[in-house]
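> Quick one: structure below, then a few questions.
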Number of protein chains: 2
Amino acid sequence: MLGSALNPASVAIVGASENPHKVGGRPILYLQRYGFRGAIYPINPGRSTVQGLRAFASIADTPQAPEVAIVAVAGDEAVKAVEACAARGVRVAVVMTSGFGETGAEGLAKQEQMVQTARRAGMRLIGPNCQGLANFATGMVANFSTIFNELEARDGPAAIVSQSGANSQAIYTLLHDRGLSARHVHATGNEADVTVADLALAVVSDAGVRLVLLYMEAIKDPPTLAAAAAEARRRDVPIVALKAGRTASGQKAASSHTGALASEDRAVDAFFERHGIWRANDPQELVRAAALYVGGQRPRGKRLVFLSNSGASCVMAADHAESRGMPLAAVPKEKLKAVLPAFAAVDNPIDVTGALLGNSGLFGGVLPLVGEDGQCDVLVLGLPVAGTGYDVPRFARDLAEFQRRFGIPSALAAPQPAVREPFAAAGIAAFASEGEAMDALAQVADHAALLRRRAVPFVSIRARGVTRFLNEAESLAMLAGAGLPVIEHRLCPDEGEAQAAAREFGEVVMKVCSRDLPHKSDHGLVAIGVEDPAGEFRRQRERCLALGARFEGVLVARRARAGRELALGGRIDPAFGPLVLIGDGGIYLEALKDFRLLAAPCSEEEVLEKIAQLRVAPLLGALRGQPARDVRAVARMAAQLGDAIIKWDGAVASVDINPVMVFETGAVALDALVETTRGL
Amino acid sequence: MLGSALNPASVAIVGASENPHKVGGRPILYLQRYGFRGAIYPINPGRSTVQGLRAFASIADTPQAPEVAIVAVAGDEAVKAVEACAARGVRVAVVMTSGFGETGAEGLAKQEQMVQTARRAGMRLIGPNCQGLANFATGMVANFSTIFNELEARDGPAAIVSQSGANSQAIYTLLHDRGLSARHVHATGNEADVTVADLALAVVSDAGVRLVLLYMEAIKDPPTLAAAAAEARRRDVPIVALKAGRTASGQKAASSHTGALASEDRAVDAFFERHGIWRANDPQELVRAAALYVGGQRPRGKRLVFLSNSGASCVMAADHAESRGMPLAAVPKEKLKAVLPAFAAVDNPIDVTGALLGNSGLFGGVLPLVGEDGQCDVLVLGLPVAGTGYDVPRFARDLAEFQRRFGIPSALAAPQPAVREPFAAAGIAAFASEGEAMDALAQVADHAALLRRRAVPFVSIRARGVTRFLNEAESLAMLAGAGLPVIEHRLCPDEGEAQAAAREFGEVVMKVCSRDLPHKSDHGLVAIGVEDPAGEFRRQRERCLALGARFEGVLVARRARAGRELALGGRIDPAFGPLVLIGDGGIYLEALKDFRLLAAPCSEEEVLEKIAQLRVAPLLGALRGQPARDVRAVARMAAQLGDAIIKWDGAVASVDINPVMVFETGAVALDALVETTRGL
């Protein structure tokens, strides 16, 4: 239904204005200017024509039921207009008027009333408090943004879907600055009914769309966004999303702006990553790689060749590549020597030197050798200086030929707009700076790699109801049942069994077992290297009972040999479903926040990649006097935990395993805390 | 002498060309176009005039000795030309020709010959292989850059001094894009004689210069750069420097570009910080805050107020501020309520909402309240959208009035160039993005804070000659002598004394003492928690002798109580002089590279700031079941160590203290390794 709303047979404007710069006037201006071929029905009881079109006193008077109706009247009038639209059989109402959910309880009640009216009639509602929809392929510009008056719109391969109207315009402007156009510019405002996810799903189905850019302050409907992402992946349409409210300050501001609920930001990362959505941190990052995306560039890796007429650019490019983790590709040095000046330093970055001024064929000599060598995934040409005496059009042709012939995504970096123009015209993404060009190529490469992973659908599990903690022994048993290795232990009901277990294990750790004491160490109820097991048993039982907690025995565990401590966790996020955590263990987890989240189910390989991103990662490799740790063993445990969380189907709300001890070979859970939602 | 070279009475061009687009022709074009008022002497034995000027057959024939001579002839001719210049009494020769030090040993020999010739005559030499000098205040454009032909130069408040000619042009272009002009654009090429530091010193003495931008691949002359920075500080002229070769890849590329020697990059950071030079990572960062600097903006802090007509901009700005460590200032909410729409969320960021379209006075209402409140150090106005219906000139006036009246540095963020223009015209720094505006203000604020610190001159100490390690006992004694707390210990020559020491201390650590075994633990010669001191003594002595090392006794130390381990170090850097290191201790230092360097002498406060920047910093605060650590005690040790390194005056090349144990109160060196350069 939203798809048809983007190409309707007719649009009505309730509150149509003769003034093309009022909210009720601008859509009429745009519909006419941008060539909408359907019927336009201005609704205004006080006028017979509006902006040269026949006007109608009410929506009931239009010759046919409008497919789309814009509501541009205020307050209670808007509520009534939505009712009239629903009665008339309108399919989509775009409520531009503000003063509803964003203003407080009273406004929210009116907004809810409109949604109920729409739902009963099977009508979809965009907004309220929204700038509206714009489709420049059909001229269906039900949108009051000023920007289409400032910067003439053209149909193009991008689609912008934004909660915020102002930001939809900012993104549109940034694309325009890069010489790119958007077919779709939609702003959803309060999202009382239709969300960014719904419109994302609608635009990815448009065959003319080759890139989707999203702005959100809350992900209100993860399953629909995941469905949009799945369809986009099927059509090879990349989605880049800016989810604002990354920080506590941002979430506070978002909550006052759109009432967005806070979400753990790394869960957003995990959700996006699972569904192949690239996350941008600001509007500039959102559009940064647009030219590469719409040019169909899908790098096979990110081994970079950097080529320039400036040694300084080469040095700065090498710095940038190393700090961003882009490896410099090997280049065929002997062959390059034959085409470069004798004093040129032949390595990557390749500096053809100022000799370019006398020899415009230098790039054309170097590029095929790089292409044939097969080591280069992406290439950046840096031209910090070019002007009189430089054959820039030839450089552009040479680079375009290289990109075409070898299928190696390429970019230009040049601060002078006049130098960028011939490259852009030849189909080369052109950037003002080397760093931006490299960042854009790295992004497109990483995004392509993400989209080459197996597609995994959204897992809809919820943890419902009141939760309670299992005791340590029950928790460990749950993990063991799911196939995770846990430390050898006995739950001992009395001193004698504790002594027997200690004799069997040698060095032991003793921990009280009580569902009422999930954080035992806070109460001094974890003893390491116990010399008197019976005495320790008595001490723990007494302390437990003194705390008013149920005493369920003492767990005597074999003391683990030395290794590196990590932390594993699993939980069901209310928005994003089952998640797995991998991080630095012990107190480091809380204090340093050195962890990553993954959407479950996740593979060992996916977990290994996250482990490699931890700050603590270097300590897991071989170090002076210490062997490398078996990170694969802990990755396997993480994957098993993810599978278990799904298998438990909402019965387990969360699992904390801290620490997992990782050895040279193998890994084992030393401590576990399971939070259940119902009896098991 | 270099100062006069920027405003000479006469300039000769050896190898003068009629073609204004050849190296020997372009300076003549520019000298005339940019209004140089001194004499121009083209030197060309084959012509009577060059570009309309009388030409001379040789430099000996000029009516007076040229103050500056450009050398634009090749190879041996250039060497001869430098000789002729020296003989004629030229004060500064600008050797543009390439093919010298950058091409290999033969070229380097010729280059050295030119330098010797110049030195003997008291002539300074710029280059070779350089684009030359340009001063647009005097029209002295002894420079063959193409960019002054592409983008007409104007005199302005910035100065660019760059090793790289291409990069000097890129920086010039980026400034130009921001509507700013440079008076000086100098490129030093091979720096056989004159370096970036020399020209930096020359330009900071020009009263018209309000900002200095540097590009270097090596800091060849730290004392002169420090002197330039001191003079710049005295004149309130900020210096921003791009030192490329930050990474191993970058240093490799720099070594092939200009033969730059590698330096520890964090030592560069320490050097810049000590001398109040702000470091940029790329050309965009180099120019980012230029408008604020030349506008004389020196924020007193970085408490930010963000103001916008877009809620989305507010959310993204809050995210950006938090991630970059800019606190959001408190705002006078009650007073703001009176001037804002009822439904506006009154907090910082302040969203005046789309109501701005109907009320152009909203910003003008808010700004004085923010100014009077006194909590705001810097302010950003975000206008992601403005066009028909927005009174942008009024917004610009209101913001300029706020900046002027309250002395609060302010910036605009707007993607539309047409929106930025009236602000720039009103003296407000205007940026395309919110993030860039905030980053620029934060930079100027942090830089101003750096320049408010006490000025400390460059400390010229070198560690000369062969070095050797002291043994542990000697090393600890050096530290104790410098006032640093060290762990209580005895150097024991025999088993009996070891036993006596162990009895005295209770729990002990035993370590062999041998100047030949600086890394004792690699050889199993550190024992913790010893039960049999005599046996351990024998074991260590035997092992030491078996390794062929001199046995100098066994050090028996009191075992330290639990604390957090950090690492301290000191060394004399061959380029930058005495440095102090503070970092995470134990194996973490090497594996995680979690450390910072400071130039010595350094204050406790300066060290505390570096400790707060360590990744491990959160673990030094109070955590569950663990008190906060006495970071001031370790900062005091670092400051003492820096003073000691200076006092030792080159006799100590390096000191490693790893770990320093930091307690709730106090800190103590547990392990020390001193490298001396001569007998002590």
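To be explicit about the labels: the chains of the structure tokens are called A, B, and onward in the order shown, and within each one the residues are counted from 1, while ligands get numbers from 1 in the order they are shown.
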Residues within 7 Å of A:Asn7, please, as a ChimeraX atom specification. Count only C-alpha atoms; anything in the same chain fewer than 3 positions from it doesn't count.

/A:4,138,140

> Identify every residue of chain B that has at least one atom within 6 Å of any atom of chain A, counting only C-alpha atoms, and report the result as a ChimeraX atom specification.

/B:103,166,170,244,246-247,249-250,253-254,256-257,310-311,315-316,318-319,343,345,384-385,591,618

> Provide the atom CA of A:Ala463 to atom CA of A:Thr676 distance in Å, to one decimal place.

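Distance reported for this atom pair: 8.6 Å.
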
> Work out how far apart atom CA of A:Gly427 and atom CA of B:Leu175 are and give it in Å to one decimal.

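Result for atom CA of A:Gly427 versus atom CA of B:Leu175: 27.9 Å, one decimal.
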
> Using only C-alpha atoms, which protein or nucleic acid residues come within 6 Å of A:Arg559? Drop anything in the same chain fewer than 4 positions from it, and give the result as number ranges by chain.

A: 507-509

> Excluding B:Gly15 and residues on its chain fewer than 4 positions from it, collect all residues at most 6 Å away from it, counting only C-alpha atoms, and give them as a list in words.

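My list of contacting residues is Gly24, Ile43, Asn44, Ala72 and Val73 of chain B.
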
> Could you give me, as a ChimeraX atom specification, the residues within 7 Å of A:Asp594, counting only C-alpha atoms and dropping anything in the same chain fewer than 4 positions from it?

/A:583-584,589,614-615

> Since we have the selection now, will you write its residues out, keeping N, CA and C atoms, as a CSV table (one decimal), in the first residue's frame?


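So the final result, stored in again38.csv, reads:
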chain,number,residue,atom,x,y,z
A,583,GLY,N,33.6,-10.2,25.8
A,583,GLY,CA,34.3,-9.0,26.3
A,583,GLY,C,35.5,-9.4,27.2
A,584,ASP,N,36.2,-8.4,27.7
A,584,ASP,CA,37.3,-8.6,28.6
A,584,ASP,C,36.6,-9.0,30.0
A,589,LEU,N,35.2,-5.8,32.6
A,589,LEU,CA,34.0,-5.7,31.7
A,589,LEU,C,33.2,-4.5,32.1
A,614,LEU,N,38.4,-6.5,20.2
A,614,LEU,CA,38.5,-6.1,21.6
A,614,LEU,C,39.8,-5.4,21.8
A,615,ARG,N,39.8,-4.4,22.8
A,615,ARG,CA,41.1,-3.7,23.1
A,615,ARG,C,42.0,-4.7,23.7

> Take atom CA of A:Gly570 and atom CA of A:Ile645 and report the distance between them in Å, one decimal.

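Between atom CA of A:Gly570 and atom CA of A:Ile645 the gap works out to 6.9 Å.
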
> Would you give me, as an mmCIF file with N, CA, C and O atoms, in the first residue's frame, the residues in stretch 457-648 of chain A that DSSP reads as strand (DSSP E)?


data_model
loop_
_atom_site.group_PDB
_atom_site.id
_atom_site.type_symbol
_atom_site.label_atom_id
_atom_site.label_comp_id
_atom_site.auth_asym_id
_atom_site.auth_seq_id
_atom_site.Cartn_x
_atom_site.Cartn_y
_atom_site.Cartn_z
ATOM 1 N N ARG A 468 13.690 -14.430 37.545
ATOM 2 C CA ARG A 468 14.401 -14.733 38.790
ATOM 3 C C ARG A 468 15.741 -15.370 38.430
ATOM 4 O O ARG A 468 15.912 -15.884 37.324
ATOM 5 N N PHE A 469 16.682 -15.288 39.377
ATOM 6 C CA PHE A 469 17.995 -15.865 39.131
ATOM 7 C C PHE A 469 18.028 -17.324 39.555
ATOM 8 O O PHE A 469 17.442 -17.700 40.572
ATOM 9 N N HIS A 489 32.781 -29.452 39.161
ATOM 10 C CA HIS A 489 32.322 -28.971 40.467
ATOM 11 C C HIS A 489 31.335 -29.960 41.090
ATOM 12 O O HIS A 489 30.829 -30.869 40.413
ATOM 13 N N ARG A 490 31.127 -29.798 42.369
ATOM 14 C CA ARG A 490 30.074 -30.562 43.076
ATOM 15 C C ARG A 490 29.281 -29.567 43.906
ATOM 16 O O ARG A 490 29.863 -28.707 44.564
ATOM 17 N N LEU A 491 27.963 -29.748 43.920
ATOM 18 C CA LEU A 491 27.140 -28.967 44.851
ATOM 19 C C LEU A 491 27.068 -29.782 46.151
ATOM 20 O O LEU A 491 26.550 -30.906 46.138
ATOM 21 N N CYS A 492 27.600 -29.247 47.207
ATOM 22 C CA CYS A 492 27.730 -30.015 48.447
ATOM 23 C C CYS A 492 26.711 -29.545 49.480
ATOM 24 O O CYS A 492 26.702 -28.364 49.845
ATOM 25 N N VAL A 508 40.853 -25.926 45.351
ATOM 26 C CA VAL A 508 39.439 -25.674 45.027
ATOM 27 C C VAL A 508 39.033 -24.224 45.257
ATOM 28 O O VAL A 508 39.714 -23.459 45.936
ATOM 29 N N VAL A 509 37.902 -23.910 44.660
ATOM 30 C CA VAL A 509 37.193 -22.656 44.914
ATOM 31 C C VAL A 509 35.853 -23.039 45.518
ATOM 32 O O VAL A 509 35.216 -23.976 45.048
ATOM 33 N N MET A 510 35.436 -22.340 46.566
ATOM 34 C CA MET A 510 34.132 -22.631 47.174
ATOM 35 C C MET A 510 33.244 -21.387 47.088
ATOM 36 O O MET A 510 33.677 -20.282 47.417
ATOM 37 N N LYS A 511 32.008 -21.609 46.660
ATOM 38 C CA LYS A 511 31.064 -20.495 46.506
ATOM 39 C C LYS A 511 29.712 -20.928 47.042
ATOM 40 O O LYS A 511 29.241 -22.022 46.729
ATOM 41 N N VAL A 512 29.086 -20.043 47.757
ATOM 42 C CA VAL A 512 27.776 -20.394 48.287
ATOM 43 C C VAL A 512 26.788 -20.519 47.127
ATOM 44 O O VAL A 512 26.942 -19.868 46.091
ATOM 45 N N VAL A 526 32.852 -16.040 48.026
ATOM 46 C CA VAL A 526 33.662 -16.823 47.090
ATOM 47 C C VAL A 526 35.027 -16.981 47.745
ATOM 48 O O VAL A 526 35.646 -15.979 48.118
ATOM 49 N N ALA A 527 35.476 -18.217 47.926
ATOM 50 C CA ALA A 527 36.786 -18.456 48.548
ATOM 51 C C ALA A 527 37.663 -19.216 47.568
ATOM 52 O O ALA A 527 37.247 -20.232 47.006
ATOM 53 N N ILE A 528 38.871 -18.697 47.385
ATOM 54 C CA ILE A 528 39.797 -19.293 46.411
ATOM 55 C C ILE A 528 40.968 -19.901 47.168
ATOM 56 O O ILE A 528 41.518 -19.276 48.074
ATOM 57 N N VAL A 554 26.867 -25.501 49.132
ATOM 58 C CA VAL A 554 28.090 -24.796 48.721
ATOM 59 C C VAL A 554 28.657 -25.537 47.521
ATOM 60 O O VAL A 554 28.719 -26.762 47.510
ATOM 61 N N LEU A 555 29.022 -24.771 46.550
ATOM 62 C CA LEU A 555 29.571 -25.361 45.347
ATOM 63 C C LEU A 555 31.089 -25.416 45.501
ATOM 64 O O LEU A 555 31.720 -24.400 45.783
ATOM 65 N N VAL A 556 31.622 -26.628 45.383
ATOM 66 C CA VAL A 556 33.076 -26.803 45.454
ATOM 67 C C VAL A 556 33.550 -27.118 44.041
ATOM 68 O O VAL A 556 33.098 -28.089 43.428
ATOM 69 N N ALA A 557 34.426 -26.232 43.515
ATOM 70 C CA ALA A 557 34.862 -26.398 42.119
ATOM 71 C C ALA A 557 36.363 -26.575 42.071
ATOM 72 O O ALA A 557 37.098 -26.042 42.918
ATOM 73 N N ARG A 558 36.808 -27.328 41.105
ATOM 74 C CA ARG A 558 38.244 -27.457 40.883
ATOM 75 C C ARG A 558 38.789 -26.072 40.524
ATOM 76 O O ARG A 558 38.170 -25.346 39.742
ATOM 77 N N ARG A 564 43.664 -16.760 30.502
ATOM 78 C CA ARG A 564 43.235 -15.370 30.396
ATOM 79 C C ARG A 564 41.727 -15.338 30.619
ATOM 80 O O ARG A 564 40.997 -16.119 30.020
ATOM 81 N N GLU A 565 41.252 -14.390 31.424
ATOM 82 C CA GLU A 565 39.822 -14.323 31.720
ATOM 83 C C GLU A 565 39.100 -13.455 30.707
ATOM 84 O O GLU A 565 39.471 -12.304 30.487
ATOM 85 N N LEU A 566 38.065 -14.022 30.112
ATOM 86 C CA LEU A 566 37.161 -13.219 29.286
ATOM 87 C C LEU A 566 35.764 -13.309 29.908
ATOM 88 O O LEU A 566 35.549 -14.021 30.873
ATOM 89 N N ALA A 567 34.839 -12.564 29.315
ATOM 90 C CA ALA A 567 33.452 -12.634 29.771
ATOM 91 C C ALA A 567 32.565 -12.990 28.583
ATOM 92 O O ALA A 567 32.804 -12.549 27.465
ATOM 93 N N LEU A 568 31.560 -13.810 28.853
ATOM 94 C CA LEU A 568 30.563 -14.169 27.832
ATOM 95 C C LEU A 568 29.198 -13.843 28.412
ATOM 96 O O LEU A 568 28.977 -13.977 29.615
ATOM 97 N N GLY A 569 28.290 -13.473 27.553
ATOM 98 C CA GLY A 569 26.944 -13.239 28.038
ATOM 99 C C GLY A 569 25.932 -13.469 26.936
ATOM 100 O O GLY A 569 26.276 -13.511 25.748
ATOM 101 N N GLY A 570 24.696 -13.615 27.352
ATOM 102 C CA GLY A 570 23.617 -13.732 26.385
ATOM 103 C C GLY A 570 22.396 -13.082 26.998
ATOM 104 O O GLY A 570 22.240 -13.071 28.218
ATOM 105 N N ARG A 571 21.576 -12.447 26.143
ATOM 106 C CA ARG A 571 20.339 -11.924 26.697
ATOM 107 C C ARG A 571 19.331 -11.698 25.578
ATOM 108 O O ARG A 571 19.684 -11.658 24.399
ATOM 109 N N ILE A 572 18.098 -11.559 25.972
ATOM 110 C CA ILE A 572 17.070 -11.231 24.992
ATOM 111 C C ILE A 572 16.771 -9.750 25.113
ATOM 112 O O ILE A 572 16.255 -9.283 26.135
ATOM 113 N N ASP A 573 17.157 -9.007 24.083
ATOM 114 C CA ASP A 573 16.899 -7.578 24.083
ATOM 115 C C ASP A 573 15.441 -7.354 23.719
ATOM 116 O O ASP A 573 14.918 -7.983 22.802
ATOM 117 N N GLY A 577 15.893 -8.760 20.129
ATOM 118 C CA GLY A 577 15.926 -10.210 20.256
ATOM 119 C C GLY A 577 17.220 -10.716 20.869
ATOM 120 O O GLY A 577 17.913 -9.990 21.586
ATOM 121 N N PRO A 578 17.560 -11.978 20.598
ATOM 122 C CA PRO A 578 18.679 -12.622 21.286
ATOM 123 C C PRO A 578 20.037 -12.048 20.885
ATOM 124 O O PRO A 578 20.341 -11.929 19.707
ATOM 125 N N LEU A 579 20.847 -11.725 21.898
ATOM 126 C CA LEU A 579 22.169 -11.142 21.679
ATOM 127 C C LEU A 579 23.203 -11.918 22.485
ATOM 128 O O LEU A 579 22.903 -12.446 23.541
ATOM 129 N N VAL A 580 24.414 -11.938 21.973
ATOM 130 C CA VAL A 580 25.535 -12.558 22.664
ATOM 131 C C VAL A 580 26.582 -11.482 22.922
ATOM 132 O O VAL A 580 26.822 -10.623 22.069
ATOM 133 N N LEU A 581 27.178 -11.539 24.119
ATOM 134 C CA LEU A 581 28.235 -10.592 24.480
ATOM 135 C C LEU A 581 29.560 -11.333 24.607
ATOM 136 O O LEU A 581 29.612 -12.420 25.167
ATOM 137 N N ILE A 582 30.622 -10.713 24.082
ATOM 138 C CA ILE A 582 31.973 -11.216 24.321
ATOM 139 C C ILE A 582 32.815 -10.025 24.760
ATOM 140 O O ILE A 582 32.721 -8.948 24.158
ATOM 141 N N GLY A 583 33.579 -10.197 25.841
ATOM 142 C CA GLY A 583 34.344 -9.043 26.317
ATOM 143 C C GLY A 583 35.475 -9.428 27.233
ATOM 144 O O GLY A 583 35.684 -10.615 27.537
ATOM 145 N N ASP A 584 36.193 -8.421 27.658
ATOM 146 C CA ASP A 584 37.264 -8.598 28.629
ATOM 147 C C ASP A 584 36.597 -8.993 29.952
ATOM 148 O O ASP A 584 35.512 -8.503 30.273
ATOM 149 N N PHE A 595 33.752 -4.647 25.371
ATOM 150 C CA PHE A 595 32.961 -5.800 24.922
ATOM 151 C C PHE A 595 32.285 -5.481 23.591
ATOM 152 O O PHE A 595 32.216 -4.319 23.175
ATOM 153 N N ARG A 596 31.815 -6.530 22.940
ATOM 154 C CA ARG A 596 31.049 -6.400 21.715
ATOM 155 C C ARG A 596 29.806 -7.264 21.826
ATOM 156 O O ARG A 596 29.823 -8.275 22.528
ATOM 157 N N LEU A 597 28.753 -6.867 21.116
ATOM 158 C CA LEU A 597 27.530 -7.672 21.058
ATOM 159 C C LEU A 597 27.364 -8.244 19.655
ATOM 160 O O LEU A 597 27.757 -7.620 18.675
ATOM 161 N N LEU A 598 26.765 -9.426 19.593
ATOM 162 C CA LEU A 598 26.407 -10.034 18.305
ATOM 163 C C LEU A 598 24.950 -10.474 18.381
ATOM 164 O O LEU A 598 24.498 -10.921 19.434
ATOM 165 N N ALA A 599 24.276 -10.396 17.239
ATOM 166 C CA ALA A 599 22.932 -10.960 17.172
ATOM 167 C C ALA A 599 23.063 -12.476 17.104
ATOM 168 O O ALA A 599 23.908 -13.004 16.379
#

> Using DSSP secondary structure from the backbone, list all helix (DSSP H, G or I) positions within stretch 505-546 of chain A, as JSON, numbers by chain.

{"A": [505, 520, 521, 522, 523, 533, 534, 535, 536, 537, 538, 539, 540, 541, 542, 543, 544, 545, 546]}

> Quick one: residues within 6 Å of B:Ala232, only C-alpha atoms, excluding same-chain residues fewer than 4 positions away - as a ChimeraX atom specification?

/B:204,236-237

> Given only C-alpha atoms as the basis, pick out the residue of B:Ala501, B:Met114, B:Val668, B:Ile40 nearest to B:Ala480.

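Residue with the minimum atom-to-atom distance to B:Ala480: B:Val668.
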
> Calculated over only C-alpha atoms, which of the candidates A:Thr117, A:Ile487, A:Gly46, A:Phe458 has the smallest distance to A:Ala230?

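Using only C-alpha atoms, A:Ala230 sits closest to A:Phe458.
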
> Skip A:Arg183 itself and residues of its chain fewer than 4 positions away, then list as a ChimeraX atom specification all residues within 12 Å of it, counting only C-alpha atoms.

/A:6,34,133-141,153-161,172,175-176,203-204,206-213

> With only C-alpha atoms as the basis for distance, which of B:Arg464, B:Arg324, B:Lys220, B:Arg279 is at the shortest distance from B:Ala653?

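Ranking B:Arg464, B:Arg324, B:Lys220, B:Arg279 by distance to B:Ala653, first place goes to B:Arg464.
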
> May I ask which of the residues A:Arg420, A:Arg543, A:Lys302, A:Arg454 is the closest one to A:Pro601, counting only C-alpha atoms?

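Nearest to A:Pro601: A:Arg454.
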
> Quick one: of B:Ser263, B:Gln375, B:Gln640, B:Ser308, who's nearest to B:Ala355, counting only C-alpha atoms?

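Between B:Ser263, B:Gln375, B:Gln640, B:Ser308, the residue approaching B:Ala355 most closely is B:Ser308.
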
> Here is a test: counting only C-alpha atoms, which residue of A:Leu29, A:Val71, A:Leu2, A:Ala437 is nearest to A:Asp198?

A:Leu2
